[in-house]
file final-v7.txt (compact mmCIF, C-alpha atoms and all ligand atoms)
# COMPACT_ATOMS: atom_id res chain seq x y z
CA MET U 1 -11.06 17.04 -3.55
CA LEU U 2 -8.15 15.90 -5.61
CA ALA U 3 -6.27 12.64 -5.82
CA ILE U 4 -7.79 10.25 -3.35
CA THR U 5 -8.03 6.46 -3.16
CA GLY U 6 -8.33 4.32 -6.28
CA PHE U 7 -11.60 2.69 -5.23
CA ALA U 8 -14.97 4.39 -4.98
CA GLY U 9 -16.67 2.23 -2.36
CA LEU U 10 -14.93 3.37 0.84
CA THR U 11 -16.12 5.65 3.65
CA VAL U 12 -14.66 8.97 4.80
CA GLY U 13 -14.23 7.70 8.38
CA GLY U 14 -12.47 4.53 7.25
CA VAL U 15 -10.21 6.07 4.62
CA MET U 16 -9.13 8.83 6.99
CA GLY U 17 -8.67 6.40 9.85
CA THR U 18 -6.23 4.31 7.82
CA GLY U 19 -4.46 7.07 5.90
CA GLY U 20 -5.96 6.11 2.52
CA HIS U 21 -4.25 7.94 -0.32
CA GLY U 22 -4.03 8.52 -4.06
CA SER U 23 -0.86 9.47 -5.91
CA THR U 24 0.71 12.87 -6.43
CA LEU U 25 3.33 15.06 -4.82
CA VAL U 26 1.81 18.28 -6.13
CA HIS U 27 -1.41 18.11 -4.08
CA PRO U 28 -2.28 16.61 -0.70
CA THR U 29 -3.05 13.06 -1.70
CA SER U 30 -4.61 11.48 1.36
CA LEU U 31 -8.05 12.42 2.54
CA SER U 32 -6.53 12.94 5.98
CA ASP U 33 -4.09 15.56 4.70
CA GLN U 34 -7.00 17.47 3.18
CA ALA U 35 -9.22 17.61 6.27
CA THR U 36 -9.30 21.06 7.87
CA ALA U 37 -11.59 20.24 10.80
CA MET U 38 -13.04 17.18 12.52
CA THR U 39 -15.65 16.52 15.16
CA LEU U 40 -15.52 13.34 17.22
CA VAL U 41 -17.46 11.82 20.08
CA ASP U 42 -14.80 10.77 22.56
CA GLY U 43 -14.64 7.84 24.98
CA ARG U 44 -16.59 9.80 27.63
CA GLY U 45 -19.39 10.56 25.18
CA ASP U 46 -18.33 14.21 24.83
CA VAL U 47 -18.27 16.04 21.51
CA VAL U 48 -14.76 17.25 20.71
CA VAL U 49 -13.75 19.53 17.85
CA ALA U 50 -10.20 18.58 16.90
CA THR U 51 -7.87 21.45 16.03
CA GLY U 52 -4.13 22.09 16.18
CA ASP U 53 -2.01 19.16 17.31
CA LEU U 54 -5.09 17.10 18.21
CA LEU U 55 -6.14 17.31 14.56
CA LYS U 56 -2.77 15.81 13.60
CA SER U 57 -3.71 12.75 15.67
CA ALA U 58 -7.39 12.64 14.74
CA ARG U 59 -6.87 12.72 10.99
CA ILE U 60 -5.36 9.21 10.96
CA HIS U 61 -7.31 8.02 13.96
CA LEU U 62 -7.02 4.20 13.55
CA GLY U 63 -10.47 3.93 15.09
CA VAL U 64 -9.09 4.53 18.61
CA MET U 65 -9.63 8.26 19.09
CA GLY U 66 -13.43 8.35 19.14
CA VAL U 67 -16.30 8.20 16.67
CA VAL U 68 -15.77 10.60 13.80
CA VAL U 69 -19.07 12.37 13.15
CA ASN U 70 -18.06 15.32 11.03
CA VAL U 71 -15.17 16.18 8.74
CA THR U 72 -14.56 19.39 6.81
CA LEU U 73 -12.91 18.79 3.47
CA PRO U 74 -12.10 21.32 0.76
CA VAL U 75 -14.04 20.97 -2.47
CA ARG U 76 -13.15 22.43 -5.82
CA ASP U 77 -14.71 22.78 -9.23
CA LYS U 78 -14.70 19.60 -11.27
CA ILE U 79 -11.66 19.19 -13.46
CA LYS U 80 -10.52 16.89 -16.22
CA LEU U 81 -7.32 14.88 -16.22
CA ARG U 82 -5.20 14.02 -19.20
CA LEU U 83 -3.24 10.90 -18.38
CA GLU U 84 -0.33 9.92 -20.54
CA THR U 85 1.01 6.44 -20.08
CA GLN U 86 4.41 5.42 -21.36
CA VAL U 87 5.83 1.92 -21.53
CA LEU U 88 9.53 1.99 -20.64
CA GLY U 89 12.30 -0.44 -19.85
CA GLU U 90 12.63 -1.01 -16.12
CA GLU U 91 16.04 0.74 -16.07
CA ALA U 92 14.13 4.04 -16.29
CA LEU U 93 13.00 3.38 -12.74
CA LEU U 94 15.65 1.10 -11.29
CA ASN U 95 18.56 3.25 -12.42
CA ASP U 96 16.75 6.49 -11.66
CA GLN U 97 17.01 8.08 -15.09
CA GLY U 98 14.96 11.12 -14.26
CA LEU U 99 11.56 9.41 -14.36
CA LEU U 100 10.78 10.13 -10.71
CA GLU U 101 11.94 13.71 -11.07
CA ARG U 102 9.50 14.15 -13.97
CA LEU U 103 6.60 12.56 -12.12
CA ARG U 104 7.24 14.81 -9.11
CA SER U 105 5.57 17.72 -10.87
CA ALA U 106 2.54 15.82 -12.18
CA ASP U 107 -0.98 16.52 -10.88
CA TYR U 108 -1.41 12.76 -10.71
CA ALA U 109 1.18 10.07 -11.33
CA PHE U 110 1.88 6.45 -10.70
CA ILE U 111 4.11 3.66 -11.93
CA LEU U 112 3.39 0.02 -12.56
CA TRP U 113 6.51 -2.13 -12.35
CA LEU U 114 6.02 -5.23 -14.46
CA HIS U 115 9.14 -6.91 -13.16
CA GLY U 116 8.43 -10.21 -14.91
CA GLN U 117 8.47 -8.31 -18.18
CA LYS U 118 11.29 -5.96 -17.12
CA LYS U 119 9.13 -2.98 -18.00
CA VAL U 120 7.51 -0.06 -16.29
CA LEU U 121 4.35 1.74 -17.18
CA ALA U 122 4.68 5.36 -16.11
CA ALA U 123 1.46 7.37 -15.91
CA GLU U 124 1.65 11.14 -15.77
CA GLY U 125 -1.49 13.24 -15.41
CA GLU U 126 -2.18 16.92 -16.03
CA ALA U 127 -5.20 18.68 -14.50
CA LEU U 128 -7.20 20.60 -17.12
CA PRO U 129 -10.31 22.81 -17.11
CA PHE U 130 -13.54 20.85 -17.00
CA GLU U 131 -14.50 22.16 -20.46
CA THR U 132 -11.64 20.18 -22.04
CA GLU U 133 -12.92 17.53 -24.44
CA GLY U 134 -12.78 13.91 -23.36
CA ASP U 135 -14.89 11.56 -21.36
CA ASP U 136 -12.65 8.55 -20.91
CA VAL U 137 -13.09 6.22 -17.99
CA ALA U 138 -10.27 4.05 -16.73
CA ILE U 139 -9.50 1.40 -14.22
CA SER U 140 -6.08 1.44 -15.69
CA PRO U 141 -4.54 3.62 -18.35
CA VAL U 142 -3.84 0.78 -20.75
CA THR U 143 -5.91 -0.10 -23.78
CA ALA U 144 -8.88 -2.46 -23.56
CA GLU U 145 -6.71 -5.36 -24.65
CA GLY U 146 -4.04 -4.33 -22.20
CA LEU U 147 -6.64 -4.11 -19.51
CA ASP U 148 -7.73 -7.67 -20.20
CA ALA U 149 -4.13 -8.73 -19.93
CA GLN U 150 -3.82 -6.90 -16.68
CA LEU U 151 -6.86 -8.58 -15.28
CA LEU U 152 -5.38 -11.90 -16.26
CA ALA U 153 -2.27 -10.96 -14.37
CA HIS U 154 -4.40 -10.13 -11.39
CA SER U 155 -5.85 -13.58 -11.52
CA GLN U 156 -2.32 -14.52 -10.31
CA ARG U 157 -2.12 -18.04 -11.64
CA ASN U 158 -1.41 -16.64 -15.08
CA ALA U 159 2.35 -16.60 -15.13
CA ALA U 160 2.19 -16.66 -18.95
CA PHE U 161 1.49 -12.95 -18.76
CA PHE U 162 3.43 -11.61 -15.88
CA CYS U 163 6.55 -13.76 -16.26
CA ASN U 164 6.91 -13.29 -19.97
CA PRO U 165 8.98 -10.36 -21.24
CA ALA U 166 7.31 -10.66 -24.64
CA ALA U 167 3.76 -10.64 -23.33
CA GLY U 168 1.50 -7.76 -24.08
CA PRO U 169 0.08 -5.82 -25.50
CA LEU U 170 1.34 -2.86 -23.58
CA GLN U 171 1.45 0.41 -25.40
CA ASN U 172 1.69 4.11 -24.82
CA SER U 173 -1.67 5.78 -24.45
CA THR U 174 -3.28 9.10 -23.67
CA ILE U 175 -6.73 9.43 -22.18
CA THR U 176 -8.71 12.43 -20.98
CA GLY U 177 -11.72 12.41 -18.71
CA THR U 178 -13.19 13.66 -15.46
CA PHE U 179 -10.54 13.45 -12.75
CA GLY U 180 -12.49 10.99 -10.63
CA ASN U 181 -13.30 8.72 -13.57
CA ILE U 182 -9.65 8.42 -14.51
CA THR U 183 -8.23 7.95 -11.04
CA THR U 184 -10.90 5.96 -9.24
CA ALA U 185 -12.59 2.70 -10.09
CA GLY U 186 -15.84 1.41 -8.74
CA CYS U 187 -17.75 -1.81 -9.22
CA ASP U 188 -21.15 -1.44 -10.86
CA THR U 189 -21.90 -5.09 -10.28
CA PRO U 190 -19.98 -7.69 -8.25
CA GLU U 191 -19.23 -9.67 -11.46
CA ALA U 192 -17.60 -6.61 -13.01
CA CYS U 193 -15.39 -6.05 -10.03
CA ILE U 194 -11.70 -6.84 -10.35
CA PHE U 195 -11.34 -6.56 -6.61
CA GLY U 196 -12.92 -9.97 -6.11
CA THR U 197 -9.76 -11.76 -7.27
CA PRO U 198 -7.92 -13.98 -4.78
CA TRP U 199 -5.15 -11.65 -3.78
CA GLN U 200 -4.46 -9.33 -0.98
CA ASP U 201 -2.72 -6.02 -1.45
CA LEU U 202 0.23 -5.25 0.76
CA ALA U 203 1.41 -1.67 0.81
CA ILE U 204 4.70 -0.42 2.18
CA ALA U 205 6.02 3.15 2.07
CA VAL U 206 9.72 3.83 1.52
CA ASP U 207 11.47 7.18 1.23
CA LEU U 208 11.08 8.31 -2.37
CA ALA U 209 14.82 8.91 -2.53
CA ASP U 210 15.40 5.22 -1.73
CA LEU U 211 12.93 3.83 -4.25
CA PRO U 212 15.35 2.88 -7.08
CA ALA U 213 17.71 1.16 -4.61
CA ALA U 214 14.80 -0.66 -2.93
CA LEU U 215 13.54 -1.94 -6.27
CA ARG U 216 17.00 -3.00 -7.40
CA ARG U 217 17.28 -5.00 -4.19
CA ALA U 218 13.83 -6.50 -4.78
CA ARG U 219 14.92 -7.45 -8.30
CA GLN U 220 18.03 -9.15 -6.87
CA VAL U 221 15.93 -11.14 -4.39
CA MET U 222 13.30 -12.13 -6.96
CA ASP U 223 16.00 -13.20 -9.42
CA ALA U 224 17.77 -15.23 -6.72
CA MET U 225 14.49 -16.97 -5.95
CA SER U 226 13.63 -17.42 -9.67
CA ALA U 227 10.37 -15.65 -8.99
CA CYS U 228 8.07 -13.36 -10.81
CA MET U 229 4.79 -12.02 -9.64
CA PRO U 230 2.09 -9.65 -10.83
CA GLU U 231 3.02 -6.03 -11.25
CA TRP U 232 3.67 -3.70 -8.37
CA LEU U 233 1.84 -0.40 -8.20
CA ILE U 234 3.98 2.47 -7.02
CA ARG U 235 2.27 5.63 -5.86
CA LEU U 236 3.53 8.95 -4.52
CA HIS U 237 2.64 10.57 -1.21
CA GLY U 238 4.05 13.93 -0.14
CA SER U 239 5.48 14.46 3.32
CA SER U 240 2.74 14.70 5.95
CA ASP U 241 2.66 16.06 9.49
CA ASN U 242 -0.14 13.77 10.64
CA HIS U 243 1.17 11.81 13.59
CA MET U 244 0.40 8.34 12.24
CA SER U 245 0.97 9.01 8.56
CA MET U 246 3.03 6.56 6.53
CA ALA U 247 4.57 9.68 5.00
CA TRP U 248 5.44 11.46 8.22
CA GLY U 249 8.46 13.68 7.64
CA ALA U 250 9.41 12.69 4.08
CA ASP U 251 8.07 12.25 0.56
CA LYS U 252 7.31 8.59 0.09
CA ALA U 253 6.81 6.03 -2.62
CA ILE U 254 4.11 3.61 -1.56
CA ILE U 255 4.65 0.19 -3.04
CA ASP U 256 1.59 -2.01 -3.43
CA LEU U 257 2.49 -5.61 -4.01
CA VAL U 258 0.24 -8.54 -4.48
CA PHE U 259 0.12 -11.21 -1.86
CA ALA U 260 -1.69 -14.18 -3.32
CA ILE U 261 -4.19 -15.85 -1.05
CA PRO U 262 -4.07 -19.66 -0.96
CA VAL U 263 -6.82 -21.44 -2.82
CA ALA U 264 -7.23 -24.02 -0.08
CA ALA U 265 -6.43 -23.55 3.59
CA ASP U 266 -3.01 -25.23 3.48
CA GLU U 267 -2.16 -24.90 -0.21
CA PRO U 268 0.49 -22.21 -0.69
CA ALA U 269 -0.14 -19.70 -3.46
CA VAL U 270 2.38 -19.20 -6.23
CA PHE U 271 5.31 -16.85 -5.60
CA LEU U 272 4.57 -16.89 -1.87
CA GLY U 273 8.19 -17.19 -0.70
CA ALA U 274 9.46 -14.39 -2.94
CA THR U 275 6.67 -12.07 -1.81
CA GLN U 276 7.48 -12.81 1.81
CA ALA U 277 11.18 -12.19 1.14
CA VAL U 278 10.71 -8.85 -0.61
CA PHE U 279 8.30 -7.41 1.88
CA GLN U 280 10.66 -8.32 4.72
CA VAL U 281 13.58 -6.79 2.81
CA LEU U 282 11.62 -3.54 2.27
CA MET U 283 10.72 -3.44 5.95
CA HIS U 284 14.15 -4.33 7.35
CA GLU U 285 16.55 -2.72 4.92
CA PHE U 286 14.60 0.29 3.69
CA GLY U 287 12.74 1.32 6.84
CA GLY U 288 9.43 0.38 5.20
CA VAL U 289 6.29 1.79 6.79
CA PRO U 290 3.18 -0.37 6.42
CA HIS U 291 -0.19 0.97 5.27
CA TRP U 292 -2.72 0.86 8.11
CA GLY U 293 -5.56 -0.40 5.98
CA LYS U 294 -3.91 -3.16 3.97
CA ASN U 295 -1.35 -5.30 5.72
CA GLY U 296 -1.85 -8.38 7.87
CA PRO U 297 -0.80 -8.77 11.52
CA ALA U 298 2.70 -9.95 10.45
CA PHE U 299 3.64 -6.32 9.94
CA TRP U 300 3.04 -5.53 13.58
CA SER U 301 5.08 -8.42 14.91
CA LYS U 302 8.25 -8.01 16.96
CA ASP U 303 10.22 -9.12 13.88
CA PHE U 304 10.02 -5.56 12.65
CA GLY U 305 10.82 -3.82 15.92
CA PRO U 306 8.69 -1.34 17.84
CA ALA U 307 6.16 0.73 15.91
CA ALA U 308 7.73 3.93 17.27
CA GLU U 309 10.69 3.31 14.94
CA ARG U 310 8.40 3.61 11.93
CA PHE U 311 5.98 6.16 13.38
CA PRO U 312 8.14 8.74 15.15
CA ARG U 313 5.07 10.63 16.46
CA LEU U 314 3.52 7.56 18.13
CA ALA U 315 4.08 9.03 21.63
CA GLU U 316 2.12 12.19 20.74
CA PHE U 317 -0.65 10.05 19.26
CA LEU U 318 -0.85 7.93 22.42
CA THR U 319 -1.07 11.02 24.61
CA ASP U 320 -3.96 12.38 22.52
CA MET U 321 -5.62 8.98 22.44
CA THR U 322 -5.50 8.71 26.21
CA SER U 323 -6.95 12.17 26.65
CA MET U 324 -9.77 11.33 24.22
CA ASP U 325 -10.45 7.86 25.56
CA PRO U 326 -9.08 7.50 29.10
CA SER U 327 -10.84 4.25 29.86
CA GLY U 328 -10.04 2.54 26.56
CA VAL U 329 -13.58 2.22 25.16
CA PHE U 330 -12.21 2.14 21.62
CA GLN U 331 -9.26 -0.17 22.23
CA ASN U 332 -8.95 -3.39 20.24
CA ALA U 333 -6.59 -6.30 19.60
CA PHE U 334 -5.16 -4.72 16.46
CA PHE U 335 -4.04 -1.60 18.26
CA ARG U 336 -2.68 -3.56 21.21
CA ARG U 337 -0.46 -5.46 18.75
CA VAL U 338 0.68 -2.22 17.16
CA ILE U 339 1.88 -0.77 20.46
CA GLY U 340 3.45 -4.05 21.53
CA GLU U 341 0.96 -4.85 24.30
CA ALA U 342 -0.17 -8.02 22.53
CA GLU U 343 1.79 -10.62 20.60
CA VAL U 344 1.02 -11.55 17.01
CA GLU U 345 -0.44 -15.02 17.28
CA LYS U 346 1.28 -17.79 15.35
CA PHE U 347 -0.75 -20.77 14.25
CA PRO U 348 -0.57 -23.44 11.52
CA GLY U 349 -0.58 -21.76 8.11
CA CYS U 350 -0.43 -18.20 9.51
CA ALA U 351 2.35 -17.15 7.09
CA LEU U 352 0.21 -18.02 4.06
CA THR U 353 -1.87 -14.88 4.44
CA ALA U 354 0.64 -12.44 6.03
CA LYS U 355 -0.77 -13.07 9.49
CA CYS U 356 2.72 -13.95 10.74
CA ILE U 357 6.34 -14.38 9.69
CA CYS U 358 6.99 -18.10 9.88
CA ASP U 359 9.43 -19.45 12.41
CA GLU U 360 8.54 -23.10 12.04
CA ASP U 361 7.41 -25.25 9.12
CA ALA U 362 3.88 -25.57 10.49
CA HIS U 363 3.36 -21.83 9.87
CA CYS U 364 3.72 -22.50 6.14
CA GLY U 365 1.65 -24.57 3.72
CA ARG U 366 1.50 -28.25 2.89
CA ASP U 367 4.97 -29.68 1.94
CA GLN U 368 6.66 -26.42 2.84
CA VAL U 369 9.48 -25.48 5.16
CA CYS U 370 10.28 -22.21 6.84
CA VAL U 371 13.74 -21.14 5.62
CA THR U 372 16.02 -18.14 5.17
CA PRO U 373 16.54 -17.72 1.43
CA THR U 374 20.03 -17.26 0.02
CA LEU U 375 21.59 -15.27 -2.80
CA PRO U 376 23.60 -17.10 -5.51
CA ASP U 377 26.80 -16.47 -3.54
CA GLY U 378 25.32 -18.46 -0.65
CA LYS U 379 24.82 -15.44 1.61
CA GLU U 380 21.52 -15.29 3.39
CA ILE U 381 19.19 -12.61 2.10
CA GLY U 382 18.81 -9.89 4.66
CA LEU U 383 21.76 -10.66 6.84
CA ALA U 384 24.70 -10.16 4.54
CA ASP U 385 24.32 -6.49 3.77
CA VAL U 386 22.88 -4.92 6.87
CA ALA U 387 25.04 -3.30 9.48
CA ASP U 388 23.09 -3.96 12.65
CA SER U 389 21.62 -7.20 13.86
CA ARG U 390 18.10 -7.74 12.63
CA SER U 391 15.59 -10.50 12.53
CA ARG U 392 16.49 -13.17 10.06
CA ILE U 393 14.27 -13.12 6.97
CA ARG U 394 12.13 -16.25 6.87
CA VAL U 395 9.99 -17.47 4.03
CA CYS U 396 7.94 -20.53 3.14
CA GLU U 397 9.45 -22.69 0.41
CA PHE U 398 8.72 -26.17 -0.88
CA SER U 399 10.94 -28.78 0.74
C1 LIG L 401 -11.06 -2.40 -3.02
C2 LIG L 401 -10.20 -1.55 -2.17
C3 LIG L 401 -9.40 -0.59 -2.76
C4 LIG L 401 -8.59 0.22 -1.97
N1 LIG L 401 -7.83 1.19 -2.57
C5 LIG L 401 -7.05 1.95 -1.81
C6 LIG L 401 -6.26 3.00 -2.40
O1 LIG L 401 -6.31 3.24 -3.59
N2 LIG L 401 -5.45 3.71 -1.58
C7 LIG L 401 -5.38 3.48 -0.24
O2 LIG L 401 -4.62 4.15 0.46
N3 LIG L 401 -6.12 2.53 0.34
C8 LIG L 401 -6.95 1.78 -0.41
N4 LIG L 401 -7.68 0.80 0.18
C9 LIG L 401 -7.57 0.60 1.64
C10 LIG L 401 -8.61 1.48 2.31
O3 LIG L 401 -8.18 2.81 2.35
C11 LIG L 401 -8.86 0.99 3.75
O4 LIG L 401 -9.19 -0.39 3.72
C12 LIG L 401 -9.97 1.76 4.42
O5 LIG L 401 -10.01 1.41 5.79
C13 LIG L 401 -11.28 1.40 3.83
O6 LIG L 401 -12.30 2.23 4.31
P1 LIG L 401 -13.61 1.59 4.89
O7 LIG L 401 -14.65 2.64 4.70
O8 LIG L 401 -13.87 0.24 4.32
O9 LIG L 401 -13.19 1.52 6.42
P2 LIG L 401 -13.33 0.36 7.48
O10 LIG L 401 -12.41 -0.74 7.08
O11 LIG L 401 -14.76 0.10 7.73
O12 LIG L 401 -12.71 1.11 8.77
C14 LIG L 401 -11.32 1.27 8.96
C15 LIG L 401 -11.08 1.70 10.42
O13 LIG L 401 -11.64 2.96 10.66
C16 LIG L 401 -12.61 2.87 11.72
N5 LIG L 401 -13.70 3.79 11.38
C17 LIG L 401 -14.43 3.81 10.23
N6 LIG L 401 -15.31 4.82 10.28
C18 LIG L 401 -15.12 5.44 11.47
C19 LIG L 401 -15.74 6.57 12.11
N7 LIG L 401 -16.69 7.26 11.53
N8 LIG L 401 -15.29 6.91 13.34
C20 LIG L 401 -14.31 6.21 13.95
N9 LIG L 401 -13.69 5.14 13.42
C21 LIG L 401 -14.11 4.76 12.18
C22 LIG L 401 -13.03 1.41 11.75
O14 LIG L 401 -13.49 1.07 13.04
C23 LIG L 401 -11.72 0.72 11.42
O15 LIG L 401 -10.87 0.68 12.55
C24 LIG L 401 -8.54 0.02 -0.57
C25 LIG L 401 -9.36 -0.94 0.03
C26 LIG L 401 -10.19 -1.70 -0.77
C27 LIG L 401 -11.10 -2.71 -0.09

call {"tool": "encode", "arguments": {"input": "final-v7.txt", "output": "structure tokens"}}
result
Amino acid sequence: MLAITGFAGLTVGGVMGTGGHGSTLVHPTSLSDQATAMTLVDGRGDVVVATGDLLKSARIHLGVMGVVVNVTLPVRDKIKLRLETQVLGEEALLNDQGLLERLRSADYAFILWLHGQKKVLAAEGEALPFETEGDDVAISPVTAEGLDAQLLAHSQRNAAFFCNPAAGPLQNSTITGTFGNITTAGCDTPEACIFGTPWQDLAIAVDLADLPAALRRARQVMDAMSACMPEWLIRLHGSSDNHMSMAWGADKAIIDLVFAIPVAADEPAVFLGATQAVFQVLMHEFGGVPHWGKNGPAFWSKDFGPAAERFPRLAEFLTDMTSMDPSGVFQNAFFRRVIGEAEVEKFPGCALTAKCICDEDAHCGRDQVCVTPTLPDGKEIGLADVADSRSRIRVCEFS
């Protein structure tokens, strides 16, 4: 298999069920896109081999199609990957100076946008024969010192790194190693695991063609709110015909942004309001499609309209789901929210962890109010430049 998720501790059933992906446009990058056959036990207890259109539903099954008991995935000889990482000014990405075009043809590629530093780190990988020299291992393609700095950034309270254009060190690098060791991290021990840090990843797909404009808009919003936050990871996902794929019908850039989790129940994390503003902007203005395995209930609220607008093959999926599970054995609250049969619950503090979009102060943290942020010209973010009427963007800010 080539180019799958960046973390080694996940299961085939779970990664497929949520559309888990890696980053390349040259190869199928989600496990789901690579599956050629699946066997499920359906809601009646029957064994079903999914083929044809049913396979397009079963591959990203959301846990509601049956129990996946067998998946056929292509394997290939082991390969090495040479990953070249370049540090560039952010204009290379925001003003679309050919960077994305170059990364399109890479066997593996991703971008880190360090917006506090106004830089991007563009990583471009080439698949090589396994005999190629090199045994590097990477969580990230930066140097050991850079990696430390990155981990500090991930600890999210460390604005000295991620808000400082002069911070570093960030430098160009080239590493070569086994494909899996370069693209996927695992945790040998819990202490060594960066994934234990107090943040939650949000991931939103936008059309690749819209990426520079979406990031310019995010920059405008962050600047207006005097905010900076840890880097965003931008990955590439080729167009998919799986019914519930985030990349249905178009090549996508999947933007992972950090949503800091409050330290105490009612204590808002830093850069909360700006994060809330940019994810709403990406959803409302750029037709953002949320990742199934990462985002909180807020993303399935009525604020963002019916799921069918973001998943044009939802009707086909529902038909297949009903034929697989006519009495709803596998139904759950999450899926009922997705299809609009259940409301996203709002409760005190729900907006602090992306469980809701606030519509009253109580949904925010201590000493915070729920407001619509404005640009320097006084226009409300999210209302001024959109043609049709949409939900007003609401964020939690200190009063
Ligand atoms: C540390 C970390 C790193 C991650 N990195 C990435 C990444 O790089 N790219 C990316 O796209 N995503 C990434 N994710 C998100 C990840 O893809 C999803 O969270 C995925 O669901 C995790 O798989 P899991 O095995 O934990 O599944 P679970 O969370 O256990 O399951 C997910 C869903 O699938 C259902 N399910 C699981 N197995 C079966 C089965 N056999 N039959 C039927 N239903 C089943 C479950 O009921 C549930 O509804 C990451 C998540 C973590 C925690």

call {"tool": "atom_distance", "arguments": {"input": "final-v7.txt", "atom1": "atom CA of U:Ala351", "atom2": "atom O15 of ligand LIG 401 (chain L)"}}
result
22.9 Å

call {"tool": "residues_near_ligand", "arguments": {"input": "final-v7.txt", "ligand": "ligand LIG 401 (chain L)", "cutoff": "6 Å", "atoms": "only C-alpha atoms and all ligand atoms", "output": "list in words"}}
result
Thr5, Gly6, Phe7, Leu10, Thr11, Gly13, Gly14, Val15, Gly17, Thr18, Gly20, His21, Gly22, Leu62, Gly63, Gly66, Val67, Val68, Val69, Phe195, Gly293 and Lys294 of chain U

call {"tool": "closest_residue", "arguments": {"input": "final-v7.txt", "among": "U:Lys302, U:His237, U:His61, U:His363", "to": "U:Asp266", "atoms": "all atoms listed in the file"}}
result
U:His363

call {"tool": "residues_near_point", "arguments": {"input": "final-v7.txt", "point": "(20.0, -18.1, -8.5)", "cutoff": "7 Å", "atoms": "only C-alpha atoms", "output": "PyMOL selection string"}}
result
chain U and resi 223-226+375-376

call {"tool": "atom_distance", "arguments": {"input": "final-v7.txt", "atom1": "atom CA of U:Pro373", "atom2": "atom CA of U:Val338"}}
result
27.2 Å

call {"tool": "closest_residue", "arguments": {"input": "final-v7.txt", "among": "U:Gln86, U:Tyr108, U:Leu55, U:Val206", "to": "U:Gly288", "atoms": "all atoms listed in the file"}}
result
U:Val206

call {"tool": "residues_around", "arguments": {"input": "final-v7.txt", "residues": "stretch 275-282 of chain U", "least_positions_apart": "3", "cutoff": "7 Å", "atoms": "all atoms listed in the file", "output": "ChimeraX atom specification"}}
result
/U:214,218,221,259,271-272,285-288,382,393,395

call {"tool": "closest_residue", "arguments": {"input": "final-v7.txt", "among": "U:Lys78, U:Lys355, U:Lys118, U:Arg235", "to": "U:Arg104", "atoms": "only C-alpha atoms"}}
result
U:Arg235

call {"tool": "atom_distance", "arguments": {"input": "final-v7.txt", "atom1": "atom CA of U:Trp113", "atom2": "atom CA of U:Ala205"}}
result
15.4 Å

call {"tool": "residues_around", "arguments": {"input": "final-v7.txt", "residues": "U:Pro28", "least_positions_apart": "2", "cutoff": "12 Å", "atoms": "all atoms listed in the file", "output": "mmCIF file with C-alpha atoms, keeping the file's coordinate frame"}}
result
data_model
loop_
_atom_site.group_PDB
_atom_site.id
_atom_site.type_symbol
_atom_site.label_atom_id
_atom_site.label_comp_id
_atom_site.auth_asym_id
_atom_site.auth_seq_id
_atom_site.Cartn_x
_atom_site.Cartn_y
_atom_site.Cartn_z
ATOM 1 C CA MET U 1 -11.060 17.040 -3.550
ATOM 2 C CA LEU U 2 -8.150 15.900 -5.610
ATOM 3 C CA ALA U 3 -6.270 12.640 -5.820
ATOM 4 C CA ILE U 4 -7.790 10.250 -3.350
ATOM 5 C CA THR U 5 -8.030 6.460 -3.160
ATOM 6 C CA GLY U 19 -4.460 7.070 5.900
ATOM 7 C CA GLY U 20 -5.960 6.110 2.520
ATOM 8 C CA HIS U 21 -4.250 7.940 -0.320
ATOM 9 C CA GLY U 22 -4.030 8.520 -4.060
ATOM 10 C CA SER U 23 -0.860 9.470 -5.910
ATOM 11 C CA THR U 24 0.710 12.870 -6.430
ATOM 12 C CA LEU U 25 3.330 15.060 -4.820
ATOM 13 C CA VAL U 26 1.810 18.280 -6.130
ATOM 14 C CA SER U 30 -4.610 11.480 1.360
ATOM 15 C CA LEU U 31 -8.050 12.420 2.540
ATOM 16 C CA SER U 32 -6.530 12.940 5.980
ATOM 17 C CA ASP U 33 -4.090 15.560 4.700
ATOM 18 C CA GLN U 34 -7.000 17.470 3.180
ATOM 19 C CA ALA U 35 -9.220 17.610 6.270
ATOM 20 C CA THR U 36 -9.300 21.060 7.870
ATOM 21 C CA LEU U 73 -12.910 18.790 3.470
ATOM 22 C CA PRO U 74 -12.100 21.320 0.760
ATOM 23 C CA ASP U 107 -0.980 16.520 -10.880
ATOM 24 C CA TYR U 108 -1.410 12.760 -10.710
ATOM 25 C CA LEU U 236 3.530 8.950 -4.520
ATOM 26 C CA HIS U 237 2.640 10.570 -1.210
ATOM 27 C CA GLY U 238 4.050 13.930 -0.140
ATOM 28 C CA SER U 239 5.480 14.460 3.320
ATOM 29 C CA SER U 240 2.740 14.700 5.950
ATOM 30 C CA ASP U 241 2.660 16.060 9.490
ATOM 31 C CA ASN U 242 -0.140 13.770 10.640
ATOM 32 C CA ALA U 247 4.570 9.680 5.000
ATOM 33 C CA ASP U 251 8.070 12.250 0.560
#

call {"tool": "residues_around", "arguments": {"input": "final-v7.txt", "residues": "U:Thr39", "least_positions_apart": "2", "cutoff": "7 Å", "atoms": "all atoms listed in the file", "output": "PyMOL selection string"}}
result
chain U and resi 47-50+68-71

call {"tool": "decode", "arguments": {"input": "final-v7.txt", "residues": "stretch 206-214 of chain U", "atoms": "C-alpha atoms", "output": "tab-separated table (two decimals), in the first residue's frame"}}
result
chain	number	residue	atom	x	y	z
U	206	VAL	CA	-11.58	22.31	0.01
U	207	ASP	CA	-11.24	22.08	-3.76
U	208	LEU	CA	-7.53	22.16	-4.52
U	209	ALA	CA	-8.16	24.92	-7.04
U	210	ASP	CA	-9.58	27.08	-4.23
U	211	LEU	CA	-6.77	26.49	-1.74
U	212	PRO	CA	-4.75	29.71	-2.26
U	213	ALA	CA	-7.92	31.84	-2.05
U	214	ALA	CA	-9.11	29.97	1.05
